[in-house]
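Each remark here refers to the structure printed beneath this line.
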Amino acid sequence: MSTLTFRIADVEAEQGKKSYSFELKPDWVEEAVLDTEYSAATNIGTVSVDIRLVEQDVVVTGRFKAPLSAICGRCNSRVEFEVASKLSAYICPAASQADLPPELELTPEDLERDYYEGEEVSLDALVRETILLEAPSQPRCEGDCSLDLPEPTEIKRESPLSALLNLKKDLKS
Ligand SMILES: [Zn+2]
C-alpha cells in the first residue's frame with residue numbers, strides 16, 4: 001500500500017518547491033507496524049513535508065505524527081500514544097545508482113540516500129522506518145499505573161485443596 005506519493009512533475013511545475021500534507025489512516029499504520037508489538041490507534045495521524053528538487057534529486061524535510069497503541073508492560077492494559085518525529089531524506093533517481101563504479105567506496109552519507117524510479121516518489125518506506133525507529137521500546141501508561149491494580153486483600157483467596165473439596169461436594173450433590 002503506497003499512499004504517501006507525489007509526482008516529480010508537480011514539484012517542477014512549482015519552481016522545484018512544493019509542500020504536501022498526508023493523512024496516516026489507521027489501516028496504513030496497522031500495516032506499517034505489522035509483526036511488531038504495536039497496533040494502530042483509532043485516530044488519524046499526519047505527515048507534512050517540504051519537497052525541494054536539486055536537478056533530479058529530491059530533498060525531503062518535514063515531520064509526522066503516528067497514533068499507536070500497545071500493551072503496557074506494567075499493568076497489561078492497552079495504552080494509546082503518539083509517535084512524532086522529524087523526517088529528512090535525500091532521494092535520487094534509481095538510474096544514478098547504476099552510474100556509480102562498483103569499486104567506489106560508499107561514504108556513510110551515500111548509504112543514507114534513498115532512490116526513486118519513474119515519475120513518482122513514495123515516502124511510505126521512509127515514514128514506516130522512522131515510526132519503527134522512534135516508537136518506545138517499552139510502552140507504558142503515563143504516570144504510575146501500578147497504583148490502579150486491586151489491593152491484594154480484595155482478591156478472594158482459596159487454597160487449591162479447598163477448591164478441589166468444594167468441587168467434589170458439588171459433584172456428589
Ligand atoms: Zn499501565
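Naming works like this for the C-alpha cells: A, B, ... for the chains as they're shown, residue 1 at the start of each chain, ligands 1 onward in shown order.
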
Ligand 1: which residues are within 12 Å, counting only C-alpha atoms and all ligand atoms, as a tab-separated table (two decimals) with N, CA and C atoms, in the first residue's frame?
chain	number	residue	atom	x	y	z
A	69	SER	N	-0.90	2.07	19.45
A	69	SER	CA	-1.27	1.51	20.74
A	69	SER	C	-0.43	0.26	20.99
A	70	ALA	N	-0.32	-0.10	22.26
A	70	ALA	CA	0.45	-1.29	22.64
A	70	ALA	C	0.01	-1.70	24.03
A	71	ILE	N	0.45	-2.87	24.47
A	71	ILE	CA	0.12	-3.34	25.81
A	71	ILE	C	1.13	-2.77	26.80
A	72	CYS	N	0.64	-2.10	27.86
A	72	CYS	CA	1.52	-1.53	28.88
A	72	CYS	C	2.26	-2.66	29.60
A	73	GLY	N	3.57	-2.52	29.72
A	73	GLY	CA	4.38	-3.55	30.34
A	73	GLY	C	4.17	-3.66	31.84
A	74	ARG	N	3.48	-2.69	32.47
A	74	ARG	CA	3.28	-2.70	33.93
A	74	ARG	C	1.93	-3.28	34.31
A	75	CYS	N	0.87	-2.82	33.62
A	75	CYS	CA	-0.48	-3.20	34.06
A	75	CYS	C	-1.23	-4.02	33.01
A	76	ASN	N	-0.60	-4.31	31.87
A	76	ASN	CA	-1.21	-5.14	30.83
A	76	ASN	C	-2.44	-4.55	30.17
A	77	SER	N	-2.73	-3.28	30.40
A	77	SER	CA	-3.88	-2.70	29.69
A	77	SER	C	-3.37	-2.05	28.41
A	78	ARG	N	-4.28	-1.88	27.44
A	78	ARG	CA	-3.87	-1.28	26.17
A	78	ARG	C	-3.72	0.22	26.34
A	79	VAL	N	-2.59	0.73	25.90
A	79	VAL	CA	-2.31	2.15	26.06
A	79	VAL	C	-2.09	2.76	24.68
A	80	GLU	N	-2.71	3.94	24.44
A	80	GLU	CA	-2.52	4.64	23.17
A	80	GLU	C	-1.51	5.77	23.35
A	138	GLN	N	9.63	0.13	25.33
A	138	GLN	CA	8.85	-0.45	26.42
A	138	GLN	C	7.65	0.45	26.69
A	139	PRO	N	6.57	0.27	25.94
A	139	PRO	CA	5.41	1.16	26.12
A	139	PRO	C	4.82	1.03	27.52
A	140	ARG	N	4.51	2.17	28.14
A	140	ARG	CA	3.92	2.22	29.49
A	140	ARG	C	2.81	3.27	29.51
A	141	CYS	N	1.85	3.08	30.42
A	141	CYS	CA	0.89	4.14	30.66
A	141	CYS	C	1.64	5.36	31.19
A	142	GLU	N	1.05	6.54	30.97
A	142	GLU	CA	1.61	7.73	31.61
A	142	GLU	C	1.31	7.66	33.10
A	143	GLY	N	2.22	8.11	33.91
A	143	GLY	CA	2.00	8.07	35.36
A	143	GLY	C	2.24	6.66	35.90
A	144	ASP	N	1.90	6.48	37.18
A	144	ASP	CA	2.18	5.21	37.85
A	144	ASP	C	0.94	4.33	37.81
A	145	CYS	N	0.76	3.59	36.71
A	145	CYS	CA	-0.47	2.82	36.54
A	145	CYS	C	-0.53	1.63	37.49
A	146	SER	N	0.62	1.22	38.09
A	146	SER	CA	0.60	0.07	39.00
A	146	SER	C	-0.27	0.36	40.23
A	147	LEU	N	-0.51	1.67	40.53
A	147	LEU	CA	-1.36	2.04	41.66
A	147	LEU	C	-2.82	1.68	41.41
A	148	ASP	N	-3.18	1.50	40.12
A	148	ASP	CA	-4.56	1.18	39.78
A	148	ASP	C	-4.89	-0.30	40.00
A	149	LEU	N	-3.87	-1.12	40.25
A	149	LEU	CA	-4.11	-2.55	40.45
A	149	LEU	C	-4.90	-2.77	41.73

Next item on the list: Find the spatial neighbours of stretch 62-66 of chain A, counting only C-alpha atoms, within a cut-off of 7 Å - ignore same-chain residues fewer than 3 positions away - and output them as a list in words.
Entry: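 Listing them by chain and then by number gives Leu24, Gly45, Thr46, Val47, Ser48, Val49, Asp50, Glu82, Val83, Ala84, Ser85, Lys86, Leu87 and Ser88 of chain A.
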
Take the residues from that selection and put them in a file with C-alpha atoms, as an mmCIF file, in the first residue's frame.
data_model
loop_
_atom_site.group_PDB
_atom_site.id
_atom_site.type_symbol
_atom_site.label_atom_id
_atom_site.label_comp_id
_atom_site.auth_asym_id
_atom_site.auth_seq_id
_atom_site.Cartn_x
_atom_site.Cartn_y
_atom_site.Cartn_z
ATOM 1 C CA LEU A 24 -1.919 8.463 8.172
ATOM 2 C CA GLY A 45 -2.051 10.720 12.020
ATOM 3 C CA THR A 46 -0.429 13.269 9.743
ATOM 4 C CA VAL A 47 2.632 13.646 7.540
ATOM 5 C CA SER A 48 3.685 17.090 6.313
ATOM 6 C CA VAL A 49 6.741 17.541 4.115
ATOM 7 C CA ASP A 50 8.508 20.229 2.133
ATOM 8 C CA GLU A 82 1.621 9.148 19.590
ATOM 9 C CA VAL A 83 4.970 8.780 17.867
ATOM 10 C CA ALA A 84 6.037 12.143 16.452
ATOM 11 C CA SER A 85 9.320 12.944 14.773
ATOM 12 C CA LYS A 86 11.124 14.904 12.081
ATOM 13 C CA LEU A 87 11.632 13.445 8.622
ATOM 14 C CA SER A 88 14.544 14.031 6.303
#

Item checked: Those of stretch 10-118 of chain A in DSSP helix (DSSP H, G or I), formatted as a list in words ->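 Answer for stretch 10-118 of chain A, restricted to helix (DSSP H, G or I): Asp10, Val11, Glu12, Pro26, Asp27, Trp28, Val29, Glu30, Glu31, Ala32, Ala94, Ala95, Ser96, Gln97, Ala98, Asp99, Pro108, Glu109, Asp110 and Leu111 of chain A.
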
Check: In terms of the shortest atom-to-atom distance over only C-alpha atoms, which of A:Pro136, A:Leu123, A:Pro67, A:Lys17 is closest to A:Ala40?
Finding: A:Pro67

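Proximity of A:Glu37, A:Glu31, A:Asp57, A:Glu14 to A:Val121, computed with only C-alpha atoms, is greatest for A:Asp57.
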
Check: If you count only C-alpha atoms, which residues fall within 7 Å of A:Pro26, apart from same-chain ones fewer than 5 positions away, as number ranges by chain?
Finding: A: 40-44

Put those residues in a file: C-alpha atoms, as a short mmCIF file (atom, residue, chain, number, x, y, z; two decimals), in the first residue's frame.
data_model
loop_
_atom_site.label_atom_id
_atom_site.label_comp_id
_atom_site.auth_asym_id
_atom_site.auth_seq_id
_atom_site.Cartn_x
_atom_site.Cartn_y
_atom_site.Cartn_z
CA ALA A 40 -2.69 1.30 15.11
CA ALA A 41 -4.73 3.55 17.38
CA THR A 42 -8.17 4.75 16.28
CA ASN A 43 -7.30 8.35 15.44
CA ILE A 44 -5.68 9.58 12.23
#

Check: Which one of A:Ala135, A:Val33, A:Cys92, A:Ile51 sits closest to A:Tyr115 if you count only C-alpha atoms?
Finding: A:Cys92

Next item on the list: Would you list, as a PyMOL selection string, the residues of stretch 23-172 of chain A that end up in strand (DSSP E or B) under DSSP run on this structure's backbone?
Entry: chain A and resi 23-24+39-40+45-54+57-71+78-93+114-116+120-122

Note to self: as number ranges by chain, please: the residues near A:Asp124 (cut-off 12 Å, only C-alpha atoms, same-chain neighbours under 2 positions excluded).
What the structure shows: A: 1-6, 22-24, 28-29, 31-32, 47, 64, 87, 114, 116, 121-122, 126-131

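Each of A:Ala125, A:Ala89, A:Val54, A:Leu171 was checked against A:Gln15 using only C-alpha atoms; the smallest atom-to-atom distance is that of A:Val54.
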